[in-house]
file start_36.cif (mmCIF, C-alpha atoms)
data_target
#
loop_
_atom_site.label_atom_id
_atom_site.label_comp_id
_atom_site.auth_asym_id
_atom_site.auth_seq_id
_atom_site.Cartn_x
_atom_site.Cartn_y
_atom_site.Cartn_z
CA MET W 1 37.64 7.19 19.46
CA LEU W 2 34.48 6.79 17.42
CA VAL W 3 31.74 9.40 17.55
CA PHE W 4 29.51 8.58 20.52
CA PRO W 5 26.07 7.51 19.22
CA THR W 6 23.07 9.75 19.74
CA THR W 7 20.62 6.86 19.50
CA PHE W 8 20.70 3.10 19.88
CA PRO W 9 20.63 0.95 16.75
CA ALA W 10 17.26 -0.58 16.01
CA PRO W 11 17.00 -4.23 17.09
CA ILE W 12 17.07 -6.75 14.26
CA ILE W 13 14.33 -9.23 15.13
CA PRO W 14 12.38 -11.43 12.67
CA ALA W 15 8.67 -10.73 12.57
CA ALA W 16 6.54 -13.59 13.87
CA ASP W 17 4.74 -13.93 10.52
CA SER W 18 7.96 -13.92 8.47
CA VAL W 19 9.05 -17.45 9.42
CA PRO W 20 7.53 -20.91 8.83
CA ALA W 21 4.85 -22.02 11.28
CA LEU W 22 6.43 -25.20 12.64
CA ARG W 23 4.48 -27.91 14.46
CA TRP W 24 5.75 -28.23 18.03
CA GLY W 25 5.59 -31.01 20.60
CA ILE W 26 6.25 -30.28 24.27
CA MET W 27 8.05 -32.80 26.45
CA ALA W 28 7.34 -32.50 30.19
CA PRO W 29 4.42 -30.13 30.90
CA GLY W 30 5.78 -28.35 33.98
CA GLY W 31 6.00 -24.71 34.94
CA ILE W 32 8.46 -23.57 32.28
CA ALA W 33 6.49 -25.45 29.62
CA ALA W 34 3.37 -23.50 30.62
CA THR W 35 5.31 -20.23 30.43
CA PHE W 36 6.61 -21.20 26.99
CA ALA W 37 3.13 -22.19 25.78
CA GLU W 38 1.66 -18.88 26.92
CA ALA W 39 4.43 -16.88 25.22
CA VAL W 40 4.27 -18.84 21.96
CA GLN W 41 0.51 -18.63 21.66
CA ALA W 42 0.42 -14.92 22.49
CA HIS W 43 3.29 -13.68 20.34
CA THR W 44 4.16 -16.14 17.55
CA GLU W 45 2.67 -17.99 14.61
CA GLN W 46 4.11 -21.32 15.82
CA LYS W 47 1.74 -24.26 16.34
CA LEU W 48 1.65 -26.25 19.58
CA VAL W 49 0.11 -29.52 18.44
CA ALA W 50 1.09 -32.13 21.05
CA VAL W 51 2.32 -32.54 24.61
CA ALA W 52 3.74 -35.60 26.35
CA SER W 53 4.25 -36.53 29.98
CA ARG W 54 4.96 -39.70 31.88
CA SER W 55 1.42 -39.15 33.21
CA LEU W 56 -1.36 -39.11 30.62
CA ASP W 57 -3.64 -37.21 33.00
CA ARG W 58 -1.02 -34.51 33.41
CA ALA W 59 -0.53 -34.27 29.65
CA GLN W 60 -4.29 -34.04 29.08
CA ASP W 61 -4.67 -31.32 31.71
CA PHE W 62 -1.92 -29.30 30.03
CA ALA W 63 -3.43 -29.86 26.58
CA ASN W 64 -6.84 -28.73 27.79
CA THR W 65 -5.39 -25.61 29.40
CA TRP W 66 -3.55 -24.50 26.28
CA GLY W 67 -5.86 -25.83 23.58
CA ILE W 68 -3.38 -28.42 22.34
CA GLU W 69 -4.85 -31.14 20.16
CA LYS W 70 -2.84 -34.20 21.21
CA ALA W 71 -1.78 -35.48 24.63
CA TYR W 72 0.48 -38.48 25.15
CA GLY W 73 1.31 -40.40 28.32
CA ASP W 74 4.61 -41.57 26.91
CA TYR W 75 7.48 -39.64 25.33
CA ALA W 76 7.96 -42.36 22.71
CA GLU W 77 4.45 -41.73 21.39
CA LEU W 78 5.25 -38.05 20.90
CA LEU W 79 8.48 -38.90 19.08
CA ALA W 80 6.61 -41.32 16.80
CA ASP W 81 4.10 -38.63 15.78
CA PRO W 82 4.82 -37.73 12.12
CA ASP W 83 3.05 -34.38 12.53
CA ILE W 84 5.74 -32.98 14.85
CA ASP W 85 8.59 -30.91 13.43
CA VAL W 86 10.34 -29.79 16.62
CA ILE W 87 10.42 -30.93 20.23
CA TYR W 88 10.67 -28.47 23.12
CA ILE W 89 12.35 -30.37 25.96
CA ALA W 90 11.17 -28.77 29.19
CA ALA W 91 12.10 -31.54 31.62
CA GLN W 92 14.61 -31.14 34.45
CA GLN W 93 18.23 -31.00 33.34
CA HIS W 94 19.26 -34.39 34.68
CA VAL W 95 17.28 -36.00 31.82
CA HIS W 96 18.05 -33.47 29.08
CA ARG W 97 20.76 -35.58 27.47
CA ASP W 98 18.64 -38.74 27.26
CA LEU W 99 15.53 -36.95 25.96
CA ALA W 100 17.57 -34.93 23.47
CA LEU W 101 19.28 -38.05 22.11
CA GLN W 102 15.94 -39.85 21.80
CA SER W 103 14.42 -36.89 19.96
CA ILE W 104 17.37 -36.64 17.59
CA ALA W 105 17.19 -40.38 16.89
CA ALA W 106 13.53 -39.85 15.95
CA GLY W 107 14.58 -37.21 13.43
CA LYS W 108 13.08 -34.27 15.32
CA HIS W 109 14.53 -30.78 15.65
CA ILE W 110 15.06 -29.84 19.30
CA LEU W 111 14.90 -26.80 21.55
CA VAL W 112 16.34 -27.85 24.91
CA GLU W 113 15.55 -25.79 27.98
CA LYS W 114 18.63 -24.33 29.62
CA PRO W 115 20.94 -25.70 30.80
CA PHE W 116 21.31 -27.69 27.58
CA ALA W 117 22.79 -30.55 29.62
CA MET W 118 24.28 -31.21 33.04
CA THR W 119 27.88 -30.96 31.86
CA GLY W 120 29.99 -29.98 28.90
CA ALA W 121 30.61 -33.66 28.21
CA GLU W 122 26.87 -34.39 28.00
CA ALA W 123 26.38 -31.37 25.76
CA ARG W 124 29.06 -32.67 23.38
CA GLU W 125 27.13 -35.95 23.07
CA ILE W 126 23.98 -34.09 22.06
CA VAL W 127 25.84 -31.85 19.63
CA ALA W 128 27.60 -34.78 17.97
CA ALA W 129 24.33 -36.69 17.58
CA ALA W 130 22.47 -33.67 16.17
CA ARG W 131 25.22 -32.89 13.68
CA ALA W 132 25.42 -36.52 12.57
CA ALA W 133 21.63 -36.67 12.09
CA GLY W 134 21.41 -33.27 10.39
CA VAL W 135 18.63 -32.03 12.68
CA PHE W 136 18.41 -28.57 14.20
CA ALA W 137 19.45 -28.31 17.86
CA MET W 138 19.45 -25.23 20.09
CA GLU W 139 19.58 -24.36 23.77
CA ALA W 140 16.67 -22.25 24.99
CA MET W 141 18.95 -19.35 25.95
CA TRP W 142 16.06 -17.01 25.23
CA THR W 143 17.93 -13.85 26.27
CA ARG W 144 20.00 -14.01 23.09
CA TYR W 145 16.91 -13.47 20.96
CA LEU W 146 15.50 -10.43 22.81
CA PRO W 147 15.61 -6.99 21.14
CA GLN W 148 18.18 -5.72 23.66
CA SER W 149 20.55 -8.56 22.81
CA SER W 150 20.45 -7.59 19.15
CA ILE W 151 21.26 -4.01 20.12
CA ILE W 152 24.22 -5.10 22.27
CA SER W 153 25.63 -7.25 19.47
CA GLN W 154 25.39 -4.31 17.08
CA LEU W 155 27.15 -2.00 19.54
CA ILE W 156 30.01 -4.49 19.82
CA ALA W 157 30.23 -4.92 16.05
CA ASP W 158 30.28 -1.12 15.61
CA GLY W 159 33.20 -0.77 18.03
CA THR W 160 31.16 1.52 20.28
CA PHE W 161 32.90 0.37 23.47
CA GLY W 162 36.45 0.76 22.20
CA GLU W 163 38.48 -1.85 24.05
CA ILE W 164 36.27 -3.82 26.43
CA HIS W 165 37.93 -4.39 29.80
CA LEU W 166 35.21 -5.52 32.19
CA VAL W 167 31.86 -7.29 32.03
CA THR W 168 29.71 -7.71 35.12
CA ALA W 169 26.48 -9.64 35.69
CA ASP W 170 24.65 -11.15 38.62
CA HIS W 171 21.64 -13.33 39.22
CA GLY W 172 20.51 -14.25 42.68
CA GLN W 173 17.16 -15.57 43.91
CA HIS W 174 16.04 -16.86 47.28
CA ILE W 175 15.21 -20.47 46.46
CA PRO W 176 13.25 -22.12 49.30
CA GLU W 177 13.88 -25.50 50.87
CA GLY W 178 12.44 -28.39 48.88
CA HIS W 179 12.85 -26.72 45.50
CA ARG W 180 14.49 -28.83 42.76
CA VAL W 181 17.32 -26.25 42.43
CA ARG W 182 18.46 -27.36 45.89
CA SER W 183 18.42 -31.04 44.88
CA LEU W 184 21.59 -32.96 44.08
CA GLU W 185 19.60 -35.70 42.34
CA SER W 186 18.04 -33.14 39.97
CA GLY W 187 21.40 -31.62 39.10
CA GLY W 188 20.56 -28.45 40.96
CA GLY W 189 22.66 -25.58 42.20
CA ALA W 190 22.88 -21.87 41.58
CA LEU W 191 25.38 -22.08 38.74
CA LEU W 192 23.39 -24.31 36.39
CA ASP W 193 19.99 -22.74 37.00
CA LEU W 194 20.76 -19.08 37.77
CA GLY W 195 24.44 -18.45 37.08
CA ILE W 196 24.13 -19.68 33.52
CA TYR W 197 22.63 -16.29 32.62
CA PRO W 198 25.61 -14.21 33.81
CA VAL W 199 28.05 -16.70 32.27
CA ALA W 200 26.17 -16.60 28.96
CA PHE W 201 26.11 -12.79 29.05
CA ALA W 202 29.88 -12.67 29.50
CA SER W 203 30.25 -15.22 26.70
CA GLN W 204 28.24 -13.04 24.32
CA ILE W 205 30.57 -10.10 24.97
CA LEU W 206 33.98 -11.73 25.45
CA GLY W 207 33.75 -15.35 24.28
CA ALA W 208 35.29 -18.25 26.19
CA PRO W 209 37.58 -17.40 29.12
CA THR W 210 41.23 -18.37 29.33
CA ALA W 211 41.10 -18.73 33.12
CA ILE W 212 38.31 -19.29 35.66
CA HIS W 213 38.48 -18.53 39.39
CA ASN W 214 35.54 -19.22 41.68
CA VAL W 215 34.96 -18.56 45.38
CA GLY W 216 31.71 -19.81 46.87
CA SER W 217 29.92 -22.32 49.05
CA LEU W 218 27.70 -25.40 49.04
CA ILE W 219 24.52 -26.17 50.93
CA GLU W 220 23.84 -29.36 52.90
CA SER W 221 22.51 -31.25 49.88
CA GLY W 222 25.88 -30.80 48.18
CA VAL W 223 24.89 -28.37 45.41
CA ASP W 224 26.47 -24.96 45.02
CA ALA W 225 24.77 -22.17 46.95
CA GLN W 226 26.63 -19.15 45.67
CA SER W 227 29.61 -18.23 43.54
CA LEU W 228 31.75 -15.18 42.87
CA LEU W 229 33.39 -15.82 39.53
CA THR W 230 36.29 -13.99 37.95
CA LEU W 231 36.83 -14.96 34.33
CA SER W 232 39.94 -13.84 32.47
CA TYR W 233 40.31 -13.40 28.71
CA ALA W 234 43.01 -12.76 26.16
CA GLY W 235 43.89 -9.07 26.09
CA ALA W 236 43.47 -8.68 29.88
CA ALA W 237 39.66 -8.33 29.83
CA GLN W 238 37.78 -9.78 32.79
CA ALA W 239 34.26 -10.70 33.79
CA GLN W 240 33.04 -10.52 37.37
CA LEU W 241 29.94 -12.64 37.84
CA ASN W 242 27.81 -13.47 40.85
CA THR W 243 25.10 -16.03 41.47
CA THR W 244 23.32 -17.26 44.57
CA LEU W 245 20.24 -19.24 45.54
CA LEU W 246 20.27 -17.73 49.02
CA ALA W 247 19.12 -14.16 48.33
CA ARG W 248 17.62 -11.83 45.73
CA THR W 249 20.26 -9.67 44.05
CA PRO W 250 20.00 -6.67 41.67
CA ILE W 251 20.13 -8.92 38.55
CA THR W 252 21.86 -6.31 36.43
CA ALA W 253 24.75 -6.40 33.96
CA SER W 254 27.27 -4.01 32.44
CA VAL W 255 29.91 -3.74 29.74
CA ALA W 256 32.79 -1.34 30.40
CA GLY W 257 35.10 -0.22 27.61
CA THR W 258 37.54 2.58 26.98
CA ASP W 259 34.95 4.58 25.03
CA ALA W 260 31.61 3.68 26.60
CA LEU W 261 29.82 2.01 29.50
CA LEU W 262 26.63 0.01 28.94
CA GLN W 263 24.33 -0.73 31.86
CA VAL W 264 21.58 -3.32 31.39
CA GLY W 265 18.57 -2.81 33.62
CA ASN W 266 17.09 -4.96 36.35
CA GLY W 267 16.24 -8.43 35.18
CA PHE W 268 19.01 -8.15 32.59
CA PHE W 269 18.11 -11.45 30.92
CA THR W 270 14.46 -10.43 30.44
CA PRO W 271 13.08 -7.57 28.29
CA THR W 272 14.46 -4.49 30.07
CA SER W 273 16.37 -1.24 29.45
CA LEU W 274 19.81 -0.06 28.33
CA THR W 275 21.86 3.00 29.26
CA LEU W 276 24.99 3.87 27.28
CA SER W 277 27.30 6.46 28.79
CA LYS W 278 30.49 8.21 27.79
CA PRO W 279 33.48 7.66 30.08
CA GLY W 280 33.66 9.87 33.16
CA PHE W 281 31.31 10.62 36.02
CA ASP W 282 29.51 13.35 34.10
CA GLY W 283 29.57 11.74 30.65
CA GLU W 284 26.46 12.12 28.55
CA SER W 285 24.13 9.13 28.26
CA ILE W 286 21.52 7.74 25.94
CA HIS W 287 18.70 5.46 27.05
CA TRP W 288 16.59 2.72 25.52
CA LYS W 289 13.67 0.80 26.98
CA ASP W 290 11.93 -2.22 25.58
CA GLU W 291 8.46 -0.98 24.72
CA THR W 292 7.27 -3.91 22.61
CA GLY W 293 4.74 -4.89 25.26
CA ILE W 294 6.34 -8.34 25.45
CA VAL W 295 7.35 -8.39 29.10
CA GLY W 296 8.95 -10.85 31.49
CA HIS W 297 9.06 -14.46 30.43
CA ARG W 298 6.76 -13.79 27.48
CA GLY W 299 10.11 -13.00 25.88
CA LEU W 300 10.46 -16.76 25.44
CA SER W 301 8.45 -16.21 22.28
CA TYR W 302 11.41 -14.66 20.46
CA GLN W 303 13.46 -17.86 20.55
CA ALA W 304 10.60 -19.88 19.05
CA THR W 305 10.28 -17.46 16.14
CA ALA W 306 14.06 -17.38 15.70
CA LEU W 307 14.29 -21.18 15.65
CA ALA W 308 11.57 -21.45 13.01
CA GLY W 309 13.43 -18.91 10.91
CA PHE W 310 16.69 -20.83 11.18
CA VAL W 311 14.99 -24.10 10.23
CA GLY W 312 13.33 -22.32 7.32
CA GLN W 313 16.80 -21.25 6.14
CA GLY W 314 18.01 -24.85 6.26
CA LEU W 315 20.34 -24.25 9.21
CA THR W 316 21.05 -26.91 11.83
CA GLU W 317 22.11 -24.59 14.65
CA SER W 318 21.67 -21.01 15.74
CA PRO W 319 24.06 -18.42 14.27
CA VAL W 320 23.23 -16.24 17.29
CA HIS W 321 24.11 -18.79 19.97
CA SER W 322 26.04 -21.66 18.43
CA LEU W 323 26.29 -25.19 19.76
CA ASP W 324 30.02 -24.71 20.27
CA GLU W 325 29.30 -21.71 22.48
CA THR W 326 26.65 -23.68 24.35
CA VAL W 327 29.25 -26.33 25.13
CA ALA W 328 31.87 -23.73 26.11
CA ILE W 329 29.47 -22.10 28.59
CA LEU W 330 28.84 -25.46 30.26
CA ASP W 331 32.59 -26.09 30.34
CA THR W 332 32.96 -22.82 32.26
CA ILE W 333 30.24 -23.84 34.70
CA ASP W 334 31.85 -27.28 35.09
CA SER W 335 35.12 -25.67 36.12
CA ALA W 336 33.37 -23.32 38.53
CA ARG W 337 31.47 -26.22 40.15
CA TRP W 338 34.57 -28.37 40.46
CA GLN W 339 36.41 -25.58 42.26
CA LEU W 340 33.71 -25.73 44.95
CA GLY W 341 33.88 -29.53 45.16
CA TYR W 342 30.55 -30.12 43.43
CA ARG W 343 30.80 -33.01 40.96
CA PHE W 344 28.21 -35.35 39.55
CA ASN W 345 28.61 -39.12 39.77
CA SER W 346 29.55 -39.23 36.08
CA GLU W 347 32.47 -36.90 36.79
CA GLN W 348 34.03 -38.85 39.65
#
call {"tool": "encode", "arguments": {"input": "start_36.cif", "output": "structure tokens"}}
result
Amino acid sequence: MLVFPTTFPAPIIPAADSVPALRWGIMAPGGIAATFAEAVQAHTEQKLVAVASRSLDRAQDFANTWGIEKAYGDYAELLADPDIDVIYIAAQQHVHRDLALQSIAAGKHILVEKPFAMTGAEAREIVAAARAAGVFAMEAMWTRYLPQSSIISQLIADGTFGEIHLVTADHGQHIPEGHRVRSLESGGGALLDLGIYPVAFASQILGAPTAIHNVGSLIESGVDAQSLLTLSYAGAAQAQLNTTLLARTPITASVAGTDALLQVGNGFFTPTSLTLSKPGFDGESIHWKDETGIVGHRGLSYQATALAGFVGQGLTESPVHSLDETVAILDTIDSARWQLGYRFNSEQ
């Protein structure tokens, strides 16, 4: 057993002014785009220079709100703009593949809001196109770029946990009637919109599972309402994951090993806290809390800075959250959906 740490390792996060200031275009100025714009302008050196919508009025309203110079009423106009380095695709997931492929064909780098695509098969299309074109492509799995995620990765690399046997994570929200997450046509459901965070957390710790077992239910529209997932891995490790659109849950996560237990605080995929404990009910603990002042969804800023740094290094995908892992996470969600009888038309 290694010596139990007395402090957490310092997070390794690039400073906002240490990376190139890329010129960004936003596709689809909805709620998440507004959250992204606020985070980027408050906490990065990145430049939001254009926004596009299928409605010019909507694009202009968004541009006025966030002080963005250019507004387009057509996505093609944004893609034809030579002053844009990277496109942030903030549209609903049922159009992610098409918009990503169009952006890649235009030679733009892309940050695609999660989920990267509706299915693993769609994600593979995007990945193949990006790799063939040599442009940078990344899913907006913003949690991976938070300070706490860097700390967790370092703890794993240091062998702090010993042999990891169990990962847990849950994400449940009460999503009201009429919301797009309840819509079959929008590719909704708890797994793709909420459960992707627990699945991605387990992937960070344990990689891709060797077996997937899901018990859950659907709502009247046909999308998944809730899931209790057990993922199995080589070496007998397991992940127990929960997601639901029917009720608010604790939204916490943990990593249990032979030598240590890590508990990630409420809102585990947002800037939060960590507690590392020795085995046993009375084992000593150390604590860490994110005190950067970047709270809630302002943490979206970290992924924008990280992407700019990767592009500045000449990379075409994230070394923190690779495209292959992005595809594998969607493959896991595909399997979980299928076990509940939820398939898209393209999968019939």
call {"tool": "resolve_selection", "arguments": {"input": "start_36.cif", "expression": "the PyMOL selection byres ((chain W and resi 97) around 12)", "output": "ChimeraX atom specification"}}
result
/W:89-96,98-104,110,112-130,139
call {"tool": "closest_residue", "arguments": {"input": "start_36.cif", "among": "W:Phe281, W:Trp66, W:Phe8, W:Tyr342", "to": "Leu218 in chain W", "atoms": "all atoms listed in the file"}}
result
W:Tyr342
call {"tool": "residues_around", "arguments": {"input": "start_36.cif", "residues": "Val49 in chain W", "least_positions_apart": "4", "cutoff": "7 Å", "atoms": "all atoms listed in the file", "output": "CSV table (one decimal) with C-alpha atoms, in the frame of the given file"}}
result
chain,number,residue,atom,x,y,z
W,23,ARG,CA,4.5,-27.9,14.5
W,24,TRP,CA,5.8,-28.2,18.0
W,25,GLY,CA,5.6,-31.0,20.6
W,68,ILE,CA,-3.4,-28.4,22.3
W,69,GLU,CA,-4.8,-31.1,20.2
W,70,LYS,CA,-2.8,-34.2,21.2
call {"tool": "closest_residue", "arguments": {"input": "start_36.cif", "among": "W:Phe344, W:Phe310, W:Phe136, W:Phe4", "to": "Ile286 in chain W", "atoms": "only C-alpha atoms"}}
result
W:Phe4
call {"tool": "resolve_selection", "arguments": {"input": "start_36.cif", "expression": "the PyMOL selection byres ((chain W and resi 304) around 12)", "output": "ChimeraX atom specification"}}
result
/W:13-17,19-24,36-48,86-88,110-113,138-146,298-303,305-311,318
call {"tool": "residues_around", "arguments": {"input": "start_36.cif", "residues": "range 260-267 of chain W", "least_positions_apart": "5", "cutoff": "8 Å", "atoms": "all atoms listed in the file", "output": "list in words"}}
result
Thr160, Phe161, Gly162, Pro250, Ile251, Thr252, Ala253, Ser254, Val255, Thr272, Ser273, Leu274, Thr275, Leu276, Ser277, Lys278 and Pro279 of chain W
call {"tool": "atom_distance", "arguments": {"input": "start_36.cif", "atom1": "CA of Gln313 in chain W", "atom2": "CA of Gln148 in chain W"}}
result
23.5 Å
call {"tool": "closest_residue", "arguments": {"input": "start_36.cif", "among": "W:Pro29, W:Gly207, W:Gly314, W:Gly235", "to": "His165 in chain W", "atoms": "only C-alpha atoms"}}
result
W:Gly235
call {"tool": "closest_residue", "arguments": {"input": "start_36.cif", "among": "W:Thr7, W:Gln226, W:Leu340, W:Thr244", "to": "His287 in chain W", "atoms": "only C-alpha atoms"}}
result
W:Thr7
call {"tool": "atom_distance", "arguments": {"input": "start_36.cif", "atom1": "CA of Ile12 in chain W", "atom2": "CA of Thr326 in chain W"}}
result
21.9 Å
call {"tool": "residues_around", "arguments": {"input": "start_36.cif", "residues": "Gln240 in chain W", "least_positions_apart": "6", "cutoff": "6 Å", "atoms": "all atoms listed in the file", "output": "JSON, numbers by chain"}}
result
{"W": [168, 229, 230]}
call {"tool": "closest_residue", "arguments": {"input": "start_36.cif", "among": "W:Pro147, W:Glu163, W:Ala225, W:Ala105", "to": "Asp259 in chain W", "atoms": "all atoms listed in the file"}}
result
W:Glu163
